[in-house]
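Source file: protein_3.txt (compact mmCIF, C-alpha atoms)
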# COMPACT_ATOMS: atom_id res chain seq x y z
CA MET A 927 -19.24 40.49 10.23
CA LYS A 928 -18.31 37.90 12.80
CA PHE A 929 -19.46 34.30 12.16
CA GLN A 930 -19.79 35.14 8.48
CA ASP A 931 -16.67 36.58 6.86
CA GLU A 932 -14.41 33.80 8.19
CA PHE A 933 -16.66 31.24 6.54
CA ARG A 934 -16.47 33.01 3.19
CA ASP A 935 -12.68 33.06 3.04
CA ARG A 936 -11.77 32.36 -0.55
CA ALA A 937 -8.40 30.74 0.16
CA LEU A 938 -9.95 28.50 2.77
CA VAL A 939 -12.63 27.36 0.34
CA GLN A 940 -10.02 26.73 -2.38
CA ASN A 941 -7.97 24.58 -0.01
CA MET A 942 -11.01 22.58 0.87
CA ALA A 943 -11.80 22.15 -2.83
CA THR A 944 -8.30 20.74 -3.37
CA ASN A 945 -8.82 18.37 -0.51
CA ILE A 946 -12.20 17.26 -1.84
CA ARG A 947 -10.67 16.55 -5.25
CA ARG A 948 -7.99 14.40 -3.62
CA MET A 949 -10.52 12.52 -1.57
CA ALA A 950 -12.73 12.00 -4.62
CA GLU A 951 -9.90 10.24 -6.47
CA ARG A 952 -10.44 7.36 -4.11
CA LEU A 953 -14.13 6.98 -4.93
CA LYS A 954 -14.99 3.79 -6.78
CA ALA A 955 -18.10 5.32 -8.35
CA PRO A 956 -19.57 8.80 -8.62
CA VAL A 957 -21.60 9.95 -5.62
CA ASN A 958 -24.77 12.03 -5.45
CA PHE A 959 -25.26 14.19 -2.38
CA MET A 960 -28.52 16.05 -1.86
CA GLU A 961 -28.95 19.37 -0.14
CA VAL A 962 -32.38 19.68 1.42
CA CYS A 963 -32.45 23.33 2.29
CA GLY A 964 -33.32 26.27 0.10
CA THR A 965 -30.61 28.32 1.74
CA HIS A 966 -28.02 25.70 0.77
CA THR A 967 -29.32 25.70 -2.79
CA MET A 968 -28.92 29.48 -2.99
CA SER A 969 -25.46 29.35 -1.47
CA ILE A 970 -24.30 26.57 -3.80
CA TYR A 971 -25.31 28.58 -6.86
CA GLN A 972 -24.21 31.93 -5.48
CA TYR A 973 -20.69 30.77 -4.65
CA GLY A 974 -20.35 28.43 -7.63
CA ILE A 975 -19.73 25.44 -5.36
CA ARG A 976 -20.46 22.94 -8.14
CA SER A 977 -17.62 24.37 -10.25
CA LEU A 978 -15.22 23.60 -7.39
CA LEU A 979 -16.18 19.94 -7.22
CA PRO A 980 -14.78 17.08 -9.28
CA ASP A 981 -17.12 15.40 -11.78
CA ASN A 982 -17.64 12.38 -9.56
CA VAL A 983 -19.05 14.42 -6.66
CA ARG A 984 -22.50 15.66 -7.67
CA LEU A 985 -24.84 17.89 -5.76
CA VAL A 986 -28.57 17.56 -6.31
CA SER A 987 -31.11 19.98 -4.92
CA GLY A 988 -33.97 18.54 -2.94
CA PRO A 989 -37.37 19.73 -1.72
CA GLY A 990 -35.95 22.35 0.65
CA CYS A 991 -37.80 25.45 -0.47
CA PRO A 992 -41.05 25.73 1.50
CA VAL A 993 -42.88 27.84 -1.06
CA CYS A 994 -41.82 25.47 -3.85
CA VAL A 995 -43.21 22.34 -2.21
CA THR A 996 -46.51 24.04 -1.41
CA PRO A 997 -49.10 22.52 -3.76
CA ILE A 998 -51.16 24.59 -6.17
CA GLY A 999 -54.31 23.61 -4.23
CA TYR A 1000 -53.01 25.60 -1.26
CA VAL A 1001 -52.38 28.69 -3.39
CA ASP A 1002 -55.95 28.33 -4.66
CA LYS A 1003 -57.22 28.24 -1.06
CA ALA A 1004 -55.18 31.34 -0.23
CA LEU A 1005 -56.67 33.05 -3.28
CA ALA A 1006 -60.16 32.04 -2.12
CA CYS A 1007 -59.43 33.80 1.20
CA THR A 1008 -58.91 37.06 -0.67
CA ALA A 1009 -62.35 36.87 -2.32
CA ASP A 1010 -64.13 38.25 0.78
CA SER A 1011 -63.31 41.95 1.11
CA ARG A 1012 -63.64 41.69 4.89
CA ASN A 1013 -60.48 39.59 4.96
CA ILE A 1014 -56.90 40.76 5.07
CA VAL A 1015 -54.52 38.09 3.83
CA ALA A 1016 -51.09 38.39 5.43
CA THR A 1017 -48.15 36.49 3.99
CA PHE A 1018 -44.40 36.23 3.73
CA GLY A 1019 -43.35 37.95 0.51
CA ASP A 1020 -42.24 34.91 -1.45
CA MET A 1021 -45.79 33.51 -1.74
CA LEU A 1022 -46.95 36.52 -3.73
CA ARG A 1023 -45.94 35.45 -7.23
CA VAL A 1024 -46.63 31.73 -6.88
CA PRO A 1025 -49.13 30.83 -9.59
CA GLY A 1026 -52.35 29.14 -8.49
CA SER A 1027 -54.70 27.42 -10.92
CA HIS A 1028 -56.13 30.66 -12.26
CA SER A 1029 -54.31 33.57 -10.63
CA SER A 1030 -51.70 34.56 -8.08
CA LEU A 1031 -51.82 36.69 -4.94
CA MET A 1032 -49.92 39.36 -6.86
CA GLU A 1033 -52.59 39.49 -9.55
CA GLU A 1034 -55.39 39.58 -6.99
CA ARG A 1035 -53.65 42.38 -5.11
CA ALA A 1036 -53.40 44.38 -8.32
CA LYS A 1037 -57.15 43.90 -8.69
CA GLY A 1038 -57.72 45.32 -5.22
CA ALA A 1039 -57.56 42.38 -2.80
CA ASP A 1040 -56.15 43.35 0.60
CA ILE A 1041 -52.94 41.32 0.77
CA ARG A 1042 -50.16 42.42 3.12
CA ILE A 1043 -46.58 41.25 3.22
CA VAL A 1044 -45.26 40.76 6.72
CA TYR A 1045 -41.79 40.00 8.00
CA SER A 1046 -42.94 38.25 11.16
CA PRO A 1047 -46.17 36.41 12.01
CA LEU A 1048 -46.37 38.79 14.99
CA ASP A 1049 -46.85 41.62 12.48
CA ALA A 1050 -49.94 39.79 11.26
CA VAL A 1051 -51.22 39.66 14.85
CA SER A 1052 -50.69 43.43 15.09
CA LEU A 1053 -52.67 43.83 11.87
CA ALA A 1054 -55.55 41.96 13.49
CA LYS A 1055 -55.32 44.10 16.60
CA ASN A 1056 -55.34 47.32 14.58
CA ASN A 1057 -58.19 46.19 12.31
CA PRO A 1058 -60.77 44.74 14.71
CA GLU A 1059 -63.54 44.82 12.11
CA ARG A 1060 -61.51 42.74 9.64
CA LEU A 1061 -60.38 39.09 9.71
CA VAL A 1062 -56.65 38.58 9.24
CA VAL A 1063 -55.73 35.29 7.55
CA PHE A 1064 -52.04 34.46 7.80
CA LEU A 1065 -50.61 32.07 5.22
CA GLY A 1066 -48.69 29.59 7.33
CA VAL A 1067 -46.12 28.09 4.99
CA GLY A 1068 -42.76 26.68 5.99
CA PHE A 1069 -40.89 23.90 7.73
CA GLU A 1070 -40.03 23.27 11.38
CA THR A 1071 -38.21 26.60 11.56
CA THR A 1072 -41.25 28.65 10.67
CA ALA A 1073 -44.00 26.57 12.28
CA PRO A 1074 -42.99 27.55 15.87
CA THR A 1075 -43.11 31.23 14.87
CA ILE A 1076 -46.67 30.73 13.61
CA ALA A 1077 -47.54 28.84 16.80
CA ALA A 1078 -46.16 31.79 18.76
CA SER A 1079 -48.42 34.13 16.77
CA ILE A 1080 -51.48 32.06 17.74
CA LEU A 1081 -50.32 32.14 21.34
CA GLU A 1082 -49.96 35.91 21.15
CA ALA A 1083 -53.36 36.36 19.47
CA GLY A 1084 -54.89 34.27 22.27
CA ARG A 1085 -53.13 36.36 24.92
CA GLN A 1086 -54.62 39.49 23.39
CA ASN A 1087 -58.06 37.84 23.17
CA LEU A 1088 -58.17 38.51 19.43
CA THR A 1089 -60.97 36.71 17.63
CA ASN A 1090 -60.11 38.05 14.18
CA TYR A 1091 -56.79 36.25 13.56
CA CYS A 1092 -56.46 32.86 11.91
CA VAL A 1093 -53.89 30.79 10.04
CA LEU A 1094 -54.26 28.89 6.79
CA ALA A 1095 -51.74 26.22 7.73
CA SER A 1096 -49.63 24.31 5.24
CA HIS A 1097 -46.58 23.52 7.32
CA LYS A 1098 -44.40 20.61 6.42
CA THR A 1099 -41.87 18.61 8.36
CA MET A 1100 -38.55 17.60 6.99
CA PRO A 1101 -37.36 14.10 7.69
CA VAL A 1102 -40.31 12.40 5.90
CA PRO A 1103 -39.53 13.47 2.30
CA MET A 1104 -35.87 12.57 2.89
CA ASP A 1105 -37.02 9.06 3.73
CA ILE A 1106 -38.95 8.84 0.42
CA LEU A 1107 -36.08 10.24 -1.65
CA THR A 1108 -33.44 8.03 -0.03
CA GLY A 1109 -35.41 4.99 -1.08
CA ASP A 1110 -35.61 6.17 -4.71
CA PRO A 1111 -33.14 4.07 -6.74
CA GLU A 1112 -33.14 6.56 -9.61
CA LEU A 1113 -31.63 9.25 -7.38
CA ASN A 1114 -29.10 6.88 -5.85
CA LEU A 1115 -28.26 9.28 -3.03
CA LYS A 1116 -25.11 8.63 -1.02
CA GLY A 1117 -25.43 11.40 1.51
CA TYR A 1118 -27.38 14.40 2.74
CA LEU A 1119 -26.35 17.93 3.53
CA CYS A 1120 -29.06 18.29 6.16
CA PRO A 1121 -30.76 21.67 6.53
CA ALA A 1122 -29.23 24.34 8.73
CA HIS A 1123 -32.12 26.35 10.11
CA VAL A 1124 -34.58 23.47 10.32
CA SER A 1125 -32.00 21.57 12.34
CA THR A 1126 -31.62 24.38 14.88
CA VAL A 1127 -35.15 23.37 15.89
CA ILE A 1128 -35.30 19.58 15.30
CA GLY A 1129 -31.66 18.90 16.21
CA GLY A 1130 -29.14 16.43 14.80
CA ASN A 1131 -30.92 13.53 16.50
CA ALA A 1132 -33.87 13.89 14.10
CA TYR A 1133 -31.84 12.29 11.28
CA LYS A 1134 -30.75 9.21 13.22
CA PRO A 1135 -33.76 7.07 12.18
CA LEU A 1136 -32.96 7.83 8.52
CA VAL A 1137 -29.35 6.76 8.99
CA GLU A 1138 -30.39 3.59 10.80
CA LYS A 1139 -32.90 2.69 8.09
CA TYR A 1140 -30.82 3.42 4.99
CA HIS A 1141 -27.24 3.64 6.27
CA ILE A 1142 -26.92 6.96 4.50
CA PRO A 1143 -24.45 9.59 5.77
CA CYS A 1144 -26.09 12.79 7.04
CA VAL A 1145 -24.20 15.99 7.85
CA VAL A 1146 -26.06 18.96 9.29
CA THR A 1147 -24.35 21.76 7.39
CA GLY A 1148 -24.20 25.53 7.60
CA PHE A 1149 -24.76 27.61 4.49
CA GLU A 1150 -21.66 29.74 4.16
CA PRO A 1151 -19.43 28.44 1.35
CA ALA A 1152 -16.81 27.00 3.72
CA ASP A 1153 -19.57 25.27 5.65
CA VAL A 1154 -20.95 23.64 2.51
CA MET A 1155 -17.45 22.54 1.45
CA GLN A 1156 -16.76 21.08 4.87
CA GLY A 1157 -20.13 19.32 4.83
CA ILE A 1158 -19.16 17.72 1.51
CA GLU A 1159 -15.75 16.73 2.92
CA MET A 1160 -17.42 15.10 5.91
CA LEU A 1161 -19.85 13.19 3.67
CA LEU A 1162 -16.99 12.04 1.45
CA ALA A 1163 -14.99 10.88 4.47
CA GLN A 1164 -17.95 8.80 5.59
CA VAL A 1165 -18.47 7.32 2.12
CA LEU A 1166 -14.76 6.46 1.80
CA SER A 1167 -14.65 4.74 5.17
CA GLY A 1168 -17.96 2.94 4.61
CA ASP A 1169 -19.48 4.81 7.53
CA SER A 1170 -22.99 6.13 7.96
CA ARG A 1171 -23.84 8.42 10.83
CA VAL A 1172 -25.19 11.85 11.63
CA GLU A 1173 -22.57 14.55 12.05
CA ILE A 1174 -23.09 18.20 12.83
CA GLN A 1175 -20.82 20.47 10.81
CA TYR A 1176 -22.89 23.52 11.79
CA SER A 1177 -22.15 23.04 15.48
CA ARG A 1178 -22.08 26.75 16.20
CA ALA A 1179 -25.85 26.87 15.71
CA VAL A 1180 -27.17 23.30 15.83
CA SER A 1181 -27.13 20.91 18.77
CA TRP A 1182 -28.15 17.25 18.93
CA GLU A 1183 -31.32 18.17 20.86
CA GLY A 1184 -32.25 21.19 18.74
CA ASN A 1185 -34.51 23.77 20.34
CA PRO A 1186 -36.92 21.97 22.73
CA LYS A 1187 -38.73 25.19 23.62
CA ALA A 1188 -39.59 25.89 19.98
CA ARG A 1189 -40.69 22.29 19.51
CA ALA A 1190 -42.87 22.41 22.63
CA ILE A 1191 -44.78 25.45 21.41
CA LEU A 1192 -45.07 23.88 17.96
CA ARG A 1193 -46.59 20.72 19.51
CA GLN A 1194 -48.92 22.76 21.69
CA PHE A 1195 -50.67 24.21 18.65
CA PHE A 1196 -50.01 21.73 15.85
CA GLU A 1197 -50.35 18.01 15.32
CA PRO A 1198 -49.00 15.85 12.49
CA ARG A 1199 -51.15 15.22 9.45
CA ASP A 1200 -50.69 13.90 5.94
CA ALA A 1201 -49.59 16.59 3.54
CA VAL A 1202 -49.38 17.09 -0.20
CA TRP A 1203 -45.92 18.04 -1.48
CA ARG A 1204 -45.51 19.42 -4.95
CA GLY A 1205 -43.70 16.74 -6.92
CA LEU A 1206 -43.81 14.15 -4.16
CA GLY A 1207 -47.57 13.74 -3.65
CA VAL A 1208 -49.17 12.87 -0.32
CA LEU A 1209 -46.63 11.99 2.34
CA PRO A 1210 -48.05 10.48 5.54
CA GLY A 1211 -47.49 12.50 8.71
CA SER A 1212 -45.38 15.09 6.89
CA GLY A 1213 -47.55 18.12 7.57
CA LEU A 1214 -48.87 20.05 10.55
CA ALA A 1215 -52.52 20.78 11.32
CA ILE A 1216 -53.76 23.22 13.95
CA ARG A 1217 -55.06 21.20 16.90
CA ALA A 1218 -58.85 21.04 17.37
CA GLU A 1219 -58.74 22.99 20.64
CA TYR A 1220 -57.33 25.97 18.72
CA ARG A 1221 -59.60 25.65 15.69
CA ASN A 1222 -60.90 29.18 16.18
CA PHE A 1223 -57.49 30.16 14.83
CA ASP A 1224 -57.70 27.70 11.93
CA ALA A 1225 -58.74 29.42 8.70
CA GLU A 1226 -60.09 26.14 7.34
CA HIS A 1227 -62.48 25.98 10.29
CA VAL A 1228 -63.31 29.69 10.47
CA LEU A 1229 -63.89 30.28 6.76
CA THR A 1230 -66.04 28.54 4.19
CA LEU A 1231 -63.91 28.72 1.11
CA ASP A 1232 -64.99 28.33 -2.47
CA VAL A 1233 -61.93 26.71 -4.00
CA PRO A 1234 -61.88 25.85 -7.71
CA GLU A 1235 -60.63 22.52 -8.95
CA THR A 1236 -56.85 22.46 -9.14
CA LEU A 1237 -55.44 23.07 -12.57
CA GLU A 1238 -51.78 22.18 -13.00
CA ASN A 1239 -49.80 23.46 -15.93
CA PRO A 1240 -48.75 20.21 -17.62
CA ALA A 1241 -45.60 21.84 -19.00
CA CYS A 1242 -44.33 22.75 -15.53
CA LEU A 1243 -41.65 20.35 -14.32
CA CYS A 1244 -41.20 21.77 -10.81
CA GLY A 1245 -42.08 18.38 -9.37
CA GLU A 1246 -39.10 16.75 -11.07
CA VAL A 1247 -36.83 19.64 -10.08
CA LEU A 1248 -37.90 19.28 -6.43
CA LYS A 1249 -37.09 15.58 -6.43
CA GLY A 1250 -33.62 16.39 -7.71
CA LYS A 1251 -34.31 14.51 -10.94
CA LEU A 1252 -34.23 17.45 -13.32
CA PRO A 1253 -31.59 20.19 -13.25
CA PRO A 1254 -33.32 23.56 -13.84
CA PHE A 1255 -31.39 24.14 -17.06
CA ASP A 1256 -32.91 20.97 -18.56
CA CYS A 1257 -36.49 22.22 -18.14
CA PRO A 1258 -37.75 23.46 -21.53
CA LEU A 1259 -39.48 26.38 -19.82
CA PHE A 1260 -36.39 27.54 -17.93
CA SER A 1261 -35.54 31.17 -18.73
CA THR A 1262 -37.74 31.06 -21.82
CA LEU A 1263 -41.37 30.89 -20.69
CA CYS A 1264 -40.53 30.72 -16.99
CA THR A 1265 -38.58 33.57 -15.42
CA PRO A 1266 -38.60 35.21 -11.98
CA GLU A 1267 -40.63 38.11 -13.42
CA SER A 1268 -43.17 35.78 -14.97
CA PRO A 1269 -42.86 32.40 -13.26
CA VAL A 1270 -44.75 29.31 -14.42
CA GLY A 1271 -43.71 27.17 -11.47
CA ALA A 1272 -42.97 27.85 -7.82
CA CYS A 1273 -39.29 26.85 -8.10
CA MET A 1274 -38.74 30.03 -10.13
CA VAL A 1275 -40.54 32.22 -7.59
CA SER A 1276 -38.96 31.95 -4.17
CA SER A 1277 -35.41 33.21 -3.81
CA GLU A 1278 -34.75 29.80 -2.26
CA GLY A 1279 -36.14 27.98 -5.29
CA THR A 1280 -33.68 25.93 -7.31
CA CYS A 1281 -34.73 27.50 -10.60
CA ALA A 1282 -34.63 31.04 -9.22
CA ALA A 1283 -31.11 30.44 -7.86
CA ALA A 1284 -30.00 28.87 -11.14
CA TYR A 1285 -31.50 31.78 -13.08
CA LYS A 1286 -29.86 34.41 -10.91
CA TYR A 1287 -26.40 32.91 -10.56
CA GLY A 1288 -26.16 30.64 -13.61
CA ARG A 1289 -24.33 27.36 -13.64
CA MET B 721 -27.29 38.77 14.07
CA LYS B 722 -25.71 40.57 16.99
CA ILE B 723 -27.98 41.60 19.84
CA LEU B 724 -27.78 45.37 20.38
CA SER B 725 -30.45 45.73 23.04
CA LYS B 726 -32.89 43.58 24.96
CA ASP B 727 -36.12 44.40 26.74
CA GLY B 728 -37.93 41.38 28.14
CA ASP B 729 -38.61 39.02 25.22
CA SER B 730 -37.84 41.71 22.64
CA ILE B 731 -34.43 42.30 21.14
CA VAL B 732 -32.98 44.57 18.52
CA ALA B 733 -30.37 42.73 16.48
CA GLU B 734 -28.08 43.88 13.70
CA VAL B 735 -26.36 42.34 10.70
CA ASP B 736 -24.51 44.20 7.92
CA GLY B 737 -25.76 47.51 9.31
CA VAL B 738 -29.40 46.45 9.18
CA GLN B 739 -31.27 46.46 12.47
CA LYS B 740 -34.30 44.32 13.15
CA GLU B 741 -36.60 43.70 16.05
CA ALA B 742 -37.08 40.11 17.10
CA SER B 743 -38.59 38.02 19.86
CA VAL B 744 -36.61 35.59 21.98
CA MET B 745 -39.71 33.78 23.26
CA LEU B 746 -38.81 30.63 21.28
CA LEU B 747 -35.25 30.51 22.57
CA GLY B 748 -34.61 27.98 25.30
CA GLU B 749 -31.55 29.71 26.71
CA ASP B 750 -30.79 33.13 28.08
CA VAL B 751 -29.16 35.57 25.73
CA SER B 752 -27.74 38.97 26.42
CA VAL B 753 -26.53 42.03 24.56
CA GLY B 754 -23.48 41.14 22.46
CA ASP B 755 -24.58 37.56 21.79
CA TYR B 756 -25.13 36.39 18.22
CA VAL B 757 -28.42 34.75 17.28
CA ILE B 758 -30.05 33.34 14.17
CA VAL B 759 -33.26 35.24 13.51
CA HIS B 760 -36.00 33.64 11.44
CA ALA B 761 -39.30 35.39 10.65
CA GLY B 762 -38.92 37.78 13.57
CA PHE B 763 -37.87 35.17 16.13
CA ALA B 764 -34.45 34.25 17.44
CA ILE B 765 -34.31 30.47 17.01
CA SER B 766 -30.71 29.69 17.97
CA ARG B 767 -27.74 31.29 19.69
CA LEU B 768 -24.43 31.08 17.86
CA ASP B 769 -21.75 29.48 19.98
CA GLU B 770 -18.39 31.17 19.66
CA GLU B 771 -16.35 28.21 20.89
CA TYR B 772 -17.92 25.87 18.36
CA ALA B 773 -17.41 28.46 15.62
CA GLU B 774 -13.68 28.62 16.45
CA GLU B 775 -13.46 24.84 16.55
CA THR B 776 -15.13 24.55 13.13
CA LEU B 777 -12.71 27.10 11.67
CA ARG B 778 -9.77 25.28 13.22
CA LEU B 779 -10.87 22.03 11.57
CA MET B 780 -11.38 23.79 8.24
CA ARG B 781 -7.91 25.30 8.34
CA GLU B 782 -6.24 22.13 9.46
CA VAL B 783 -4.33 20.36 6.72
CA PHE B 784 -6.20 17.18 6.24
CA ALA B 785 -5.04 13.87 7.59
CA SER B 786 -2.10 12.43 5.70
CA GLU B 787 -4.10 9.42 4.47
CA ASP B 788 -6.36 11.80 2.56
CA MET B 789 -3.43 13.64 1.06
CA ALA B 790 -1.86 10.58 -0.54

Is it possible to express this structure as structure tokens?
Amino acid sequence: MKFQDEFRDRALVQNMATNIRRMAERLKAPVNFMEVCGTHTMSIYQYGIRSLLPDNVRLVSGPGCPVCVTPIGYVDKALACTADSRNIVATFGDMLRVPGSHSSLMEERAKGADIRIVYSPLDAVSLAKNNPERLVVFLGVGFETTAPTIAASILEAGRQNLTNYCVLASHKTMPVPMDILTGDPELNLKGYLCPAHVSTVIGGNAYKPLVEKYHIPCVVTGFEPADVMQGIEMLLAQVLSGDSRVEIQYSRAVSWEGNPKARAILRQFFEPRDAVWRGLGVLPGSGLAIRAEYRNFDAEHVLTLDVPETLENPACLCGEVLKGKLPPFDCPLFSTLCTPESPVGACMVSSEGTCAAAYKYGR
Amino acid sequence: MKILSKDGDSIVAEVDGVQKEASVMLLGEDVSVGDYVIVHAGFAISRLDEEYAEETLRLMREVFASEDMA
């Protein structure tokens, strides 16, 4: 497969590893680089990238898995949507097993709730069209890559004059949590592998304020193994030369401007709002709310939901994992009480979750 | 994914033998059959640029600058 096999070339990756080791010899102190993209996290585990790096170049996983950063309160709201048998809840598959306070969508589906997995938000619009007597509630979870696709589904529902389609929106936007984590002295981050897909939409320019504020190197990186290795090389080169700027390693897919058309449609339907991130708490302006003029498509406006008080499992350390402060293997629940088949926390659920990747591919 | 066919805003794209339908309504540039795109949740969000891909590979394969090899 073009644009894929070349970037998985074993010899190429080995050469880059040798080069990284040589560069790292010149480091005065160990460096921590964070990847902020679930796809990077998966790739890093899948290809054993950590084992190719010297001890003084450490990769930490950040809050890059959309399902993982979605707070339990949202899952509870989604579960409340299933309580009315007139509703069809449509969702991407990885939300299904995420535990809420008292149940999960999977458990409710087993009990008879009408929950459908869709591949595209447009499939959820088709569901609404084909079930005019039902209300389709789509669970809008994801970052700047997914939010425009949800916006497009609202646009399409409007075009078709559908009045039985709405979105329970919990979209989050990326640069804000990076700002919080960069300022955290405990993490002591020296560089970011910036997300690949998110950046196709927001563009390399989106990270410039972060670089200006913290003088931290940022490299927008692809997720094939050679991409990740090159991203690390580029970060190291910046650290060694005392530089801090945004670079785009993943230039075949990401431009400085990103995708203005996707952003325009996103802005047409959504506006910024404060959002709760699992592990990080409330981050100002880091979420997206459906604009008032489209509130007929906003599940929180259309439905009156009976949502129980949020009950967190105190033993779950997903929050610490998402901040990059706890490697999955150091969580007492990891692979004992918490497994992909029976997850306690969201990080073990999504295939992009740090714990799920660590469980599947090991160290 | 490689675009196999295109009809208005709808494309059929293929990767590893798997074909999927997708919309190009979020894409700001024209794409045609044979182009490679990144598809996310049923939407093409970016076109892959062959020249940049070659340039990235060239840089990866290049022996690194002598100062780094010391």

*For Pro997 in chain A, list every protein, DNA or RNA residue within 12 Å, evaluated using only C-alpha atoms, and leave out those in the same chain fewer than 2 positions away; present the list as a count of residues only.*
36

*By how many Å are CA of Ala950 in chain A and CA of Leu1162 in chain A apart?*
7.4 Å

*Go through A:Ala1215, A:Leu1209, A:Ile1080, A:Ala1163 one by one, measure the shortest atom-to-atom distance of each to Arg948 in chain A using only C-alpha atoms, and give the residue with the smallest value.*
A:Ala1163

Dump as CSV the rows for residues of chain B within 8 Å of chain A: closest atom pair and distance in Å with one decimal, only C-alpha atoms counted, ordered by chain and rising residue number.
residue,atom,partner,partner_atom,distance
B:Val735,CA,A:Met927,CA,7.4
B:Asp736,CA,A:Met927,CA,6.8
B:Leu746,CA,A:Ala1188,CA,5.0
B:Leu747,CA,A:Lys1187,CA,6.4
B:Gly748,CA,A:Lys1187,CA,5.3
B:Ile758,CA,A:Ala1179,CA,7.9
B:His760,CA,A:Thr1072,CA,7.3
B:Ala761,CA,A:Ser1046,CA,4.7
B:Gly762,CA,A:Ser1046,CA,4.7
B:Phe763,CA,A:Thr1075,CA,6.7
B:Ile765,CA,A:Thr1126,CA,7.0
B:Ser766,CA,A:Ala1179,CA,6.1
B:Arg767,CA,A:Ala1179,CA,6.2
B:Leu768,CA,A:Ala1179,CA,4.9
B:Asp769,CA,A:Arg1178,CA,4.7
B:Glu770,CA,A:Arg1178,CA,6.7
B:Glu771,CA,A:Arg1178,CA,7.5
B:Tyr772,CA,A:Arg1178,CA,4.8
B:Ala773,CA,A:Arg1178,CA,5.0
B:Thr776,CA,A:Gln1175,CA,7.4
B:Leu777,CA,A:Phe933,CA,7.7
B:Met780,CA,A:Gln1156,CA,6.9
B:Arg781,CA,A:Leu938,CA,6.7
B:Phe784,CA,A:Asn945,CA,7.3
B:Asp788,CA,A:Met949,CA,5.9
B:Met789,CA,A:Arg948,CA,6.6
B:Ala790,CA,A:Arg948,CA,7.9

Restricted to C-alpha atoms, what would the selected residues look like written as a PDB file, in the coordinates of the input?
ATOM      1  CA  VAL B 735     -26.360  42.340  10.700  1.00  0.00           C
ATOM      2  CA  ASP B 736     -24.510  44.200   7.920  1.00  0.00           C
ATOM      3  CA  LEU B 746     -38.810  30.630  21.280  1.00  0.00           C
ATOM      4  CA  LEU B 747     -35.250  30.510  22.570  1.00  0.00           C
ATOM      5  CA  GLY B 748     -34.610  27.980  25.300  1.00  0.00           C
ATOM      6  CA  ILE B 758     -30.050  33.340  14.170  1.00  0.00           C
ATOM      7  CA  HIS B 760     -36.000  33.640  11.440  1.00  0.00           C
ATOM      8  CA  ALA B 761     -39.300  35.390  10.650  1.00  0.00           C
ATOM      9  CA  GLY B 762     -38.920  37.780  13.570  1.00  0.00           C
ATOM     10  CA  PHE B 763     -37.870  35.170  16.130  1.00  0.00           C
ATOM     11  CA  ILE B 765     -34.310  30.470  17.010  1.00  0.00           C
ATOM     12  CA  SER B 766     -30.710  29.690  17.970  1.00  0.00           C
ATOM     13  CA  ARG B 767     -27.740  31.290  19.690  1.00  0.00           C
ATOM     14  CA  LEU B 768     -24.430  31.080  17.860  1.00  0.00           C
ATOM     15  CA  ASP B 769     -21.750  29.480  19.980  1.00  0.00           C
ATOM     16  CA  GLU B 770     -18.390  31.170  19.660  1.00  0.00           C
ATOM     17  CA  GLU B 771     -16.350  28.210  20.890  1.00  0.00           C
ATOM     18  CA  TYR B 772     -17.920  25.870  18.360  1.00  0.00           C
ATOM     19  CA  ALA B 773     -17.410  28.460  15.620  1.00  0.00           C
ATOM     20  CA  THR B 776     -15.130  24.550  13.130  1.00  0.00           C
ATOM     21  CA  LEU B 777     -12.710  27.100  11.670  1.00  0.00           C
ATOM     22  CA  MET B 780     -11.380  23.790   8.240  1.00  0.00           C
ATOM     23  CA  ARG B 781      -7.910  25.300   8.340  1.00  0.00           C
ATOM     24  CA  PHE B 784      -6.200  17.180   6.240  1.00  0.00           C
ATOM     25  CA  ASP B 788      -6.360  11.800   2.560  1.00  0.00           C
ATOM     26  CA  MET B 789      -3.430  13.640   1.060  1.00  0.00           C
ATOM     27  CA  ALA B 790      -1.860  10.580  -0.540  1.00  0.00           C
TER      28      ALA B 790
END

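Computed from the coordinates, the CA of Val1146 in chain A to CA of Leu1115 in chain A distance equals 15.8 Å.
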
_Counting all atoms listed in the file, which residues sit no farther than 9 Å from the position (-55.0, 34.2, 9.9) in the file's frame? I'd like them as a ChimeraX atom specification._
/A:1014-1016,1050-1051,1054,1061-1066,1080,1090-1095,1223-1225

Export range 777-782 of chain B of the preceding structure, keeping N, CA and C atoms, as a PDB file, in the first residue's frame.
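For reference, result_27.pdb as written:
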ATOM      1  N   LEU B 777      10.319  10.898   2.835  1.00  0.00           N
ATOM      2  CA  LEU B 777      11.100   9.658   2.733  1.00  0.00           C
ATOM      3  C   LEU B 777      12.571   9.957   2.432  1.00  0.00           C
ATOM      4  N   ARG B 778      12.779  10.953   1.575  1.00  0.00           N
ATOM      5  CA  ARG B 778      14.154  11.317   1.227  1.00  0.00           C
ATOM      6  C   ARG B 778      14.904  11.761   2.494  1.00  0.00           C
ATOM      7  N   LEU B 779      14.237  12.589   3.292  1.00  0.00           N
ATOM      8  CA  LEU B 779      14.875  13.069   4.527  1.00  0.00           C
ATOM      9  C   LEU B 779      15.127  11.918   5.502  1.00  0.00           C
ATOM     10  N   MET B 780      14.197  10.980   5.545  1.00  0.00           N
ATOM     11  CA  MET B 780      14.355   9.841   6.457  1.00  0.00           C
ATOM     12  C   MET B 780      15.543   8.986   6.051  1.00  0.00           C
ATOM     13  N   ARG B 781      15.726   8.859   4.730  1.00  0.00           N
ATOM     14  CA  ARG B 781      16.771   7.956   4.236  1.00  0.00           C
ATOM     15  C   ARG B 781      18.138   8.618   4.229  1.00  0.00           C
ATOM     16  N   GLU B 782      18.109   9.921   4.279  1.00  0.00           N
ATOM     17  CA  GLU B 782      19.360  10.676   4.232  1.00  0.00           C
ATOM     18  C   GLU B 782      20.180  10.344   5.477  1.00  0.00           C
TER      19      GLU B 782
END
